[in-house]
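This report refers to the structure that appears directly beneath it.
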There are 2 protein chains.
Amino acid sequence: MLLYDSGVSGNCYKVRLLLAHLGRAYERRELDVVDRSNRAEVLGELNPALRVPTLVFDDGRALGESNAIIFYLAGGTPYLPEDPFERAQVLQWQFFEQYSHEPHIAVLRFWLHVAKMMPSPDELDAKRRDGEAALMALERHLEDRRFLVAERYTIADISLYAYTHVADEAGFELERFPAVLSWLARVKEQPGHVPIDA
Amino acid sequence: MLLYDSGVSGNCYKVRLLLAHLGRAYERRELDVVDRSNRAEVLGELNPALRVPTLVFDDGRALGESNAIIFYLAGGTPYLPEDPFERAQVLQWQFFEQYSHEPHIAVLRFWLHVAKMMPSPDELDAKRRDGEAALMALERHLEDRRFLVAERYTIADISLYAYTHVADEAGFELERFPAVLSWLARVKEQPGHVPIDA
């Protein structure tokens with residue numbers, strides 16, 4: 001398998017973390033996430049969104065969207081429940097991540113930490129407000145749970161861990177979310193865990 | 001089943017359209033999408049994102065996120081392929097919809113058509129540019145295909161139809177995307193189809 005990858009991308013890290021848990025071998029090809037001028041040339045036939053991660057299997061089939069990729073790779077493994085309702089709950093958290101979490105926390109981290117761009121005060125306020133709302137939703141859910149779905153570690157946790165554990169790089173104060181902090185520690189303790197910069 | 005719903009929301013329409021295809025009975029409860037002040041009170045225990053659609057089953061279990069809901073409801077029906085890779089392709093398009101399509105086309109439609117708010121010129125330009133990129137990605141994919149995945153009508157088509165077929169209400173000129181227009185017509189011809197305002 002060939003992973004079109006970015007070392008700083010939490011979306012790519014989701015795939016790398018699951019592949020590490022699964023002990024599967026793959027090749028990495030780093031794409032620039034600031035200068036995206038070669039994306040159509042490299043990914044045009046592989047992923048309509050022209051984004052990383054894009055995973056290309058040995059038979060040539062390709063898959064885009066981090067959460068779709070890890071849902072596929074986790075099928076038949078302990079990282080994805082078999083029960084259809086639990087699977088739907090995993091997807092609920094993955095769609096929450098892509099709509100209500102990533103566009104705020106990951107985008108703000110990208111601006112401040114990766115691209116070193118300073119947003120306008122209004123943009124900064126909006127990302128902080130919406131990012132904090134996402135962290136508060138996680139906090140409420142995790143106050144009486146060990147993991148997001150089915151009380152065990154699944155790809156829902158991998159999806160939300162990816163950008164939550166580096167939210168401090170976007171200026172969020174994770175100390176204000178103690179249940180989230182405990183959950184981050186539990187995720188990190190899982191066998192086969194690798195850090196984002198591995 | 002009880003659907004927390006909004007008549008103008010394309011996300012809610014995805015659920016109503018699939019339930020119409022499946023001939024399943026359900027109750028609708030309309031929530032305001034402009035004044036959201038009662039959301040925590042109504043949805044706080046049901047959906048961490050406090051959004052519609054939220055579907056509550058007769059046994060009390062609840063599910064949020066339009067794409068997770070229809071993935072669950074479509075299981076075991078012709079609207080979701082059994083093959084794991086085709087399922088992953090369905091999810092790829094659903095995540096594309098929530099990240100690269102809905103935040104531009106649906107949000108611009110909400111501003112202009114539902115809330116009657118005028119965005120700033122910069123906001124308007126950004127939404128138009130990103131929405132057109134999403135429509136162009138659809139156009140390229142549909143140029144030599146009848147449907148998005150597996151050459152048959154699936155929930156991937158339902159997810160992308162929801163806001164694409166009303167993109168003119170956001171000011172997008174669908175005439176510039178002929179393969180998209182043909183696909184919209186094919187979706188509309190499916191047995192059991194209902195319009196967004198049904």
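How things are named: the first chain in the structure tokens is A, the next is B, and so on; residues count from 1 in each chain; ligands count from 1 in the order shown.
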
* Could you list, as an NGL selection string, every residue of chain B that has an atom within 9 Å of an atom of chain A, counting only C-alpha atoms? -> :B and (48-49 or 63-69 or 71-72 or 75 or 84-85 or 87-96 or 98-100 or 103 or 133-134 or 137-138 or 140-141)

Taking the DSSP secondary structure from the backbone, can you list the residues of range 37-188 of chain A that are strand (DSSP E), as a PDB file with all heavy atoms, in the first residue's frame?
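Written out: out-v5.pdb:
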```pdb
ATOM      1  N   THR A  54      -4.450   9.975   1.026  1.00  0.00           N
ATOM      2  CA  THR A  54      -5.042   9.133  -0.012  1.00  0.00           C
ATOM      3  C   THR A  54      -4.267   7.826   0.031  1.00  0.00           C
ATOM      4  O   THR A  54      -3.031   7.841   0.035  1.00  0.00           O
ATOM      5  CB  THR A  54      -4.914   9.782  -1.403  1.00  0.00           C
ATOM      6  OG1 THR A  54      -5.629  11.023  -1.419  1.00  0.00           O
ATOM      7  CG2 THR A  54      -5.483   8.861  -2.485  1.00  0.00           C
ATOM      8  N   LEU A  55      -4.984   6.718   0.091  1.00  0.00           N
ATOM      9  CA  LEU A  55      -4.324   5.409   0.205  1.00  0.00           C
ATOM     10  C   LEU A  55      -4.527   4.653  -1.099  1.00  0.00           C
ATOM     11  O   LEU A  55      -5.664   4.524  -1.571  1.00  0.00           O
ATOM     12  CB  LEU A  55      -4.926   4.629   1.380  1.00  0.00           C
ATOM     13  CG  LEU A  55      -4.243   3.313   1.750  1.00  0.00           C
ATOM     14  CD1 LEU A  55      -2.788   3.525   2.160  1.00  0.00           C
ATOM     15  CD2 LEU A  55      -5.001   2.601   2.876  1.00  0.00           C
ATOM     16  N   VAL A  56      -3.435   4.168  -1.678  1.00  0.00           N
ATOM     17  CA  VAL A  56      -3.517   3.399  -2.922  1.00  0.00           C
ATOM     18  C   VAL A  56      -3.122   1.958  -2.619  1.00  0.00           C
ATOM     19  O   VAL A  56      -2.026   1.698  -2.105  1.00  0.00           O
ATOM     20  CB  VAL A  56      -2.592   3.987  -4.010  1.00  0.00           C
ATOM     21  CG1 VAL A  56      -2.789   3.225  -5.327  1.00  0.00           C
ATOM     22  CG2 VAL A  56      -2.884   5.474  -4.212  1.00  0.00           C
ATOM     23  N   ALA A  62      -7.912   3.174  -5.125  1.00  0.00           N
ATOM     24  CA  ALA A  62      -7.519   4.260  -4.230  1.00  0.00           C
ATOM     25  C   ALA A  62      -8.707   4.693  -3.378  1.00  0.00           C
ATOM     26  O   ALA A  62      -9.870   4.550  -3.781  1.00  0.00           O
ATOM     27  CB  ALA A  62      -7.014   5.445  -5.034  1.00  0.00           C
ATOM     28  N   LEU A  63      -8.397   5.205  -2.214  1.00  0.00           N
ATOM     29  CA  LEU A  63      -9.433   5.660  -1.294  1.00  0.00           C
ATOM     30  C   LEU A  63      -8.976   6.969  -0.660  1.00  0.00           C
ATOM     31  O   LEU A  63      -7.813   7.089  -0.245  1.00  0.00           O
ATOM     32  CB  LEU A  63      -9.643   4.581  -0.226  1.00  0.00           C
ATOM     33  CG  LEU A  63     -10.985   4.468   0.484  1.00  0.00           C
ATOM     34  CD1 LEU A  63     -12.157   4.389  -0.478  1.00  0.00           C
ATOM     35  CD2 LEU A  63     -10.968   3.236   1.390  1.00  0.00           C
ATOM     36  N   GLY A  64      -9.886   7.941  -0.590  1.00  0.00           N
ATOM     37  CA  GLY A  64      -9.609   9.203   0.073  1.00  0.00           C
ATOM     38  C   GLY A  64     -10.467   9.355   1.309  1.00  0.00           C
ATOM     39  O   GLY A  64     -11.315   8.505   1.596  1.00  0.00           O
TER      40      GLY A  64
END
```

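Here CA of Leu184 in chain A is placed at a distance of 23.7 Å from CA of Leu46 in chain B.
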
* Could you give me, as an NGL selection string, each residue of chain A that DSSP assigns to alpha helix (DSSP H) when run on this structure's backbone? => :A and (10-22 or 39-43 or 66-74 or 84-96 or 107-109 or 121-142 or 155-164 or 178-188)

* Structure fact -> Correct to one decimal, the distance CA of Ala115 in chain A-CA of Met1 in chain A is 28.9 Å

* **Contacts of range 20-29 of chain A at 7 Å (only C-alpha atoms; same-chain gap of 3+ positions) as an MDAnalysis selection string** => chainID A and resid 1:5 16:17 191:194

Output the selection as a PDB file, in the first residue's frame - C-alpha atoms for each residue.
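again_34.pdb, written as the output of this step:
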```pdb
ATOM      1  CA  MET A   1       0.000   0.000   0.000  1.00  0.00           C
ATOM      2  CA  LEU A   2       1.095   3.542  -0.747  1.00  0.00           C
ATOM      3  CA  LEU A   3      -0.027   6.369   1.547  1.00  0.00           C
ATOM      4  CA  TYR A   4       0.059   9.913   0.201  1.00  0.00           C
ATOM      5  CA  ASP A   5       0.884  11.506   3.494  1.00  0.00           C
ATOM      6  CA  ARG A  16      -0.676   5.870  10.298  1.00  0.00           C
ATOM      7  CA  LEU A  17      -1.871   5.189  13.868  1.00  0.00           C
ATOM      8  CA  PRO A 191      -0.716  -1.345  22.450  1.00  0.00           C
ATOM      9  CA  GLY A 192       1.064  -0.285  19.261  1.00  0.00           C
ATOM     10  CA  HIS A 193       0.460   3.435  19.773  1.00  0.00           C
ATOM     11  CA  VAL A 194       2.745   5.717  17.759  1.00  0.00           C
TER      12      VAL A 194
END
```
